[in-house]
Each structure stands twice: as structure tokens, then as C-alpha cells.
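Student: Got a structure for you, questions after.
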Amino acid sequence: MKETADSRFEEEVKQSKTKVIVEEYEKLSSSLIFEIIRHDGEKELDRATVPLIFSALAAGLMISFSFYFRAVLSMYAGHSPWADAISGIGYTTGFLIVILGRLQLFTENTITTVIPFFESPSWKTLLRIGRLWAIVLLSNMAGTLLSALFMTSSCFASPEITSFLLSTAHHIMTPTPLENIFKGIPAGMLIAAVVWMIPMSRGFSFFTIFTFTYFIAIGGFAHVVVGSGEAAYAVLMGDSSVYDYFFRFLIPTGLGNIIGGTGIFTLLVSAQVKVERK
């Protein structure tokens with residue numbers, strides 16, 4: 001009888017704990033996600049320089065597949081009305097590899113590494129963020145430059161693919177610096193939304209990344225890392241200048257991504273969580 005009573009008591013305690021966990025999870029879901037990302041951000045800020053460089057360099061190399069496969073699908077879609085909708089699928093490729101592979105992508109860090117600062121602002125944390133951003137961005141750029149250099153080889157790309165690579169690259173270099181700032185803001189917000197939603201996505205992370213990065217493509221928004229590969233390709237092929245690479249695309253688009261990812265999305269989310277906690 002005593003064993004039966006003890007078993008019943010243990011079962012009731014287990015059910016009560018489960019109920020409390022579920023209720024807390026439902027009420028504090030935003031806070032929990034915030035805490036998960038804050039924890040990840042702290043770990044990223046503590047990473048050694050060499051692993052950061054290799055991870056970010058690999059991210060720059062792999063995300064260039066977004067540029068390449070977008071151009072390839074554009075070639076097959078031709079001038080059909082749905083050509084952009086089809087080529088946008090290719091744009092998601094690099095993001096899927098990089099984000100699911102946990103490689104260092106600059107625009108992810110505009111939310112992940114900034115949340116610890118919003119949680120506990122200090123000059124020390126700000127300097128740590130600056131260090132990580134500089135390492136990751138420069139390594140991402142180096143990776144995309146290597147990929148662009150590889151794509152210029154006739155052994156890699158046929159003349160037909162080369163023409164579509166040039167067309168895609170020319171498209172990213174056409175907007176003015178101000179236009180690239182505004183095109184970069186929604187892209188930064190959407191990447192930040194991906195980072196925010198992944199802890200809740202679990203087994204559906206693939207579809208979350210695919211959906212939001214696909215919308216970046218078909219929306220005509222500008223992503224600084226993917227676009228840097230396209231811009232570097234245009235420069236290497238003689239279709240654009242180094243000045244345009246930095247001052248027409250890279251700096252304005254990077255600024256737009258930071259405004260969207262950090263200045264709007266992350267700031268609003270942090271404010272929401274702080275209000276909930278109070």
C-alpha cells in the first residue's frame with residue numbers, strides 16, 4: 001500500500017511540474033528565446049580568434065553558392081514572368097548551408113552577439129562585439145572574394161553561365177548607395193527574424209531559413225555577404241570598380257543590414273522582453 005501511495009504521489013508531483021513548465025513556457029516564450037540567444041551570443045563573444053576566422057571564411061565561401069545557383073536558375077528560367085520566383089530558390093542555398101552548418105555569418109551576429117549588450121550594457125561588451133564583427137565581416141569578405149575569383153575561371157563556369165553571373169552581379173551594383181541602405185534594412189530584419197525563430201523551429205529550421213531568405217531574394221533586398229561575392233565578381237570581370245564595391249555597395253548595404261538587424265529588430269525584441277519581465 002505504501003509503495004502504491006508513493007508511486008501515486010510521485011506521479012502527481014511529476015504532472016504538477018510538467019504543468020508548471022508548460023505554463024511558464026507559454027507565458028515566457030519570448031523571454032526564453034531571448035535567453036537562449038543571449039547564451040549563444042555570450043559563447044560567440046568568447047570564441048578564440050583563429051576558430052572565428054576559419055568559420056567565417058568557410059561561411060563566405062559557402063554562401064557564395066547563393067550567388068551561383070541564383071544565376072544558374074536564372075539561366076534555365078530565361079525571360080519568363082516567373083523567372084525571379086524560380087531563381088530566388090537558388091538564393092537560399094548558401095544560407096541553408098551556412099546557418100544549419102553553424103558557420104559564422106556577419107548578419108546573424110547583428111542579433112546574436114548584440115543581445116548580451118542590450119541585457120547588460122558595458123564598454124567591455126561593446127568592444128567584444130566590435131572585435132567579433134570585424135573578424136567575421138573581414139573573413140566573410142575574404143571567403144566571397146575567393147569564391148568570386150574561382151567563378152571567373154572558364155573551367156568552372158561555361159560562357160552561358162558566366163553571362164548570367166555577370167547579369168546577376170550587375171543587378172546588385174546598379175542601385176545608388178542610399179538605395180542599398182534601404183534595401184539592406186529589410187534583409188537585416190529578415191535574417192534577425194530567422195535567428196529569433198530557429199530556437200522554436202526545431203525540426204523545421206530548414207523551412208524557416210528557406211522561407212525568409214527566399215523572401216530576401218524575391219523582394220529585391222540586399223544582403224552584405226552574398227552581395228559582396230556578386231560585387232567582387234563584377235569587379236574581377238571588369239564590369240565595376242573597386243570604389244563601387246566599397247562605397248556603392250558594401251558600406252551602405254552593411255549599414256542597412258545593421259540598422260535592420262540590430263537597430264530595429266533586436267532593439268524592439270529586447271524592449272519587449274524587458275517589459276514582460278517587469
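Chain labels run A, B, ... following the order of the C-alpha cells; each chain numbers its residues from 1, and ligands are numbered from 1 in the order shown.
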Which residues come within 10 Å of A:Leu146, counting only C-alpha atoms, excluding same-chain residues fewer than 3 positions away, as a list in words?
Tutor: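 Everything that qualifies: Leu57, Gly60, Leu61, Ser64, Met141, Ala142, Gly143, Leu149, Phe150, Met151, Gly229, Ala232 and Tyr233 of chain A.
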Student: Check which residues of stretch 195-239 of chain A sit at most 9 Å from stretch 29-47 of chain A using only C-alpha atoms, and return one row each with the closest pair of atoms and their distance in Å to one decimal, ordered by chain and rising number, as a Markdown table.
Tutor:
| residue | atom | partner | partner_atom | distance |
| --- | --- | --- | --- | --- |
| A:Val195 | CA | A:Ile37 | CA | 8.1 |
| A:Trp196 | CA | A:Ile33 | CA | 7.1 |
| A:Met197 | CA | A:Ile33 | CA | 8.2 |
| A:Pro199 | CA | A:Ile33 | CA | 6.6 |
| A:Met200 | CA | A:Ile33 | CA | 7.7 |
Student: Restricting the output to N, CA, C and O atoms, write the selected residues as a PDB file, in the first residue's frame.
Tutor:
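As written to disk, part.pdb reads:
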ATOM      1  N   VAL A 195      17.134  34.093 -36.999  1.00  0.00           N
ATOM      2  CA  VAL A 195      17.866  33.766 -35.770  1.00  0.00           C
ATOM      3  C   VAL A 195      16.905  33.660 -34.587  1.00  0.00           C
ATOM      4  O   VAL A 195      17.010  32.758 -33.751  1.00  0.00           O
ATOM      5  N   TRP A 196      15.937  34.569 -34.529  1.00  0.00           N
ATOM      6  CA  TRP A 196      14.969  34.596 -33.428  1.00  0.00           C
ATOM      7  C   TRP A 196      14.058  33.372 -33.452  1.00  0.00           C
ATOM      8  O   TRP A 196      13.680  32.833 -32.408  1.00  0.00           O
ATOM      9  N   MET A 197      13.707  32.906 -34.633  1.00  0.00           N
ATOM     10  CA  MET A 197      12.730  31.823 -34.762  1.00  0.00           C
ATOM     11  C   MET A 197      13.340  30.423 -34.712  1.00  0.00           C
ATOM     12  O   MET A 197      12.634  29.456 -34.421  1.00  0.00           O
ATOM     13  N   PRO A 199      15.254  28.795 -32.541  1.00  0.00           N
ATOM     14  CA  PRO A 199      15.068  28.005 -31.320  1.00  0.00           C
ATOM     15  C   PRO A 199      13.682  27.379 -31.206  1.00  0.00           C
ATOM     16  O   PRO A 199      13.518  26.327 -30.589  1.00  0.00           O
ATOM     17  N   MET A 200      12.669  28.017 -31.800  1.00  0.00           N
ATOM     18  CA  MET A 200      11.309  27.476 -31.774  1.00  0.00           C
ATOM     19  C   MET A 200      11.034  26.562 -32.964  1.00  0.00           C
ATOM     20  O   MET A 200      10.086  25.782 -32.947  1.00  0.00           O
TER      21      MET A 200
END
Student: Can you work out which one of A:Ile86, A:Ala48, A:Ala192, A:Ala217 has the shortest atom-to-atom distance to A:Phe67, counting only C-alpha atoms?
Tutor: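 Of A:Ile86, A:Ala48, A:Ala192, A:Ala217, the one nearest A:Phe67, counting only C-alpha atoms, is A:Ala217.
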Student: Can you list, as a PyMOL selection string, every protein, DNA or RNA residue that comes within 9 Å of A:Asp84 when you count only C-alpha atoms, leaving out same-chain residues fewer than 5 positions away?
Tutor: chain A and resi 70+73-74+77+89+217-218
Student: If we count only C-alpha atoms and set the cut-off at 8 Å, which residues sit around A:Val224, ignoring sequence neighbours fewer than 4 positions away in its own chain? Please answer as a short mmCIF file (atom, residue, chain, number, x, y, z; two decimals) with N, CA and C atoms, in the first residue's frame.
Tutor:
data_model
loop_
_atom_site.label_atom_id
_atom_site.label_comp_id
_atom_site.auth_asym_id
_atom_site.auth_seq_id
_atom_site.Cartn_x
_atom_site.Cartn_y
_atom_site.Cartn_z
N THR A 107 25.69 38.86 -40.62
CA THR A 107 24.35 39.38 -40.34
C THR A 107 23.63 38.61 -39.23
N GLY A 184 19.02 47.18 -47.70
CA GLY A 184 19.68 46.36 -46.68
C GLY A 184 18.89 46.24 -45.39
N SER A 228 28.46 40.83 -51.49
CA SER A 228 29.89 41.12 -51.63
C SER A 228 30.53 40.17 -52.63
N PHE A 249 28.23 49.68 -52.75
CA PHE A 249 27.53 48.50 -52.25
C PHE A 249 27.87 48.14 -50.80
N LEU A 250 29.13 47.81 -50.52
CA LEU A 250 29.50 47.16 -49.26
C LEU A 250 29.14 47.99 -48.03
N THR A 253 25.20 48.85 -47.80
CA THR A 253 24.41 47.65 -47.54
C THR A 253 24.67 47.11 -46.14
N GLY A 254 25.96 47.10 -45.74
CA GLY A 254 26.29 46.66 -44.38
C GLY A 254 25.61 47.53 -43.34
N ASN A 257 21.91 46.56 -43.24
CA ASN A 257 21.73 45.30 -42.53
C ASN A 257 21.83 45.49 -41.02
#
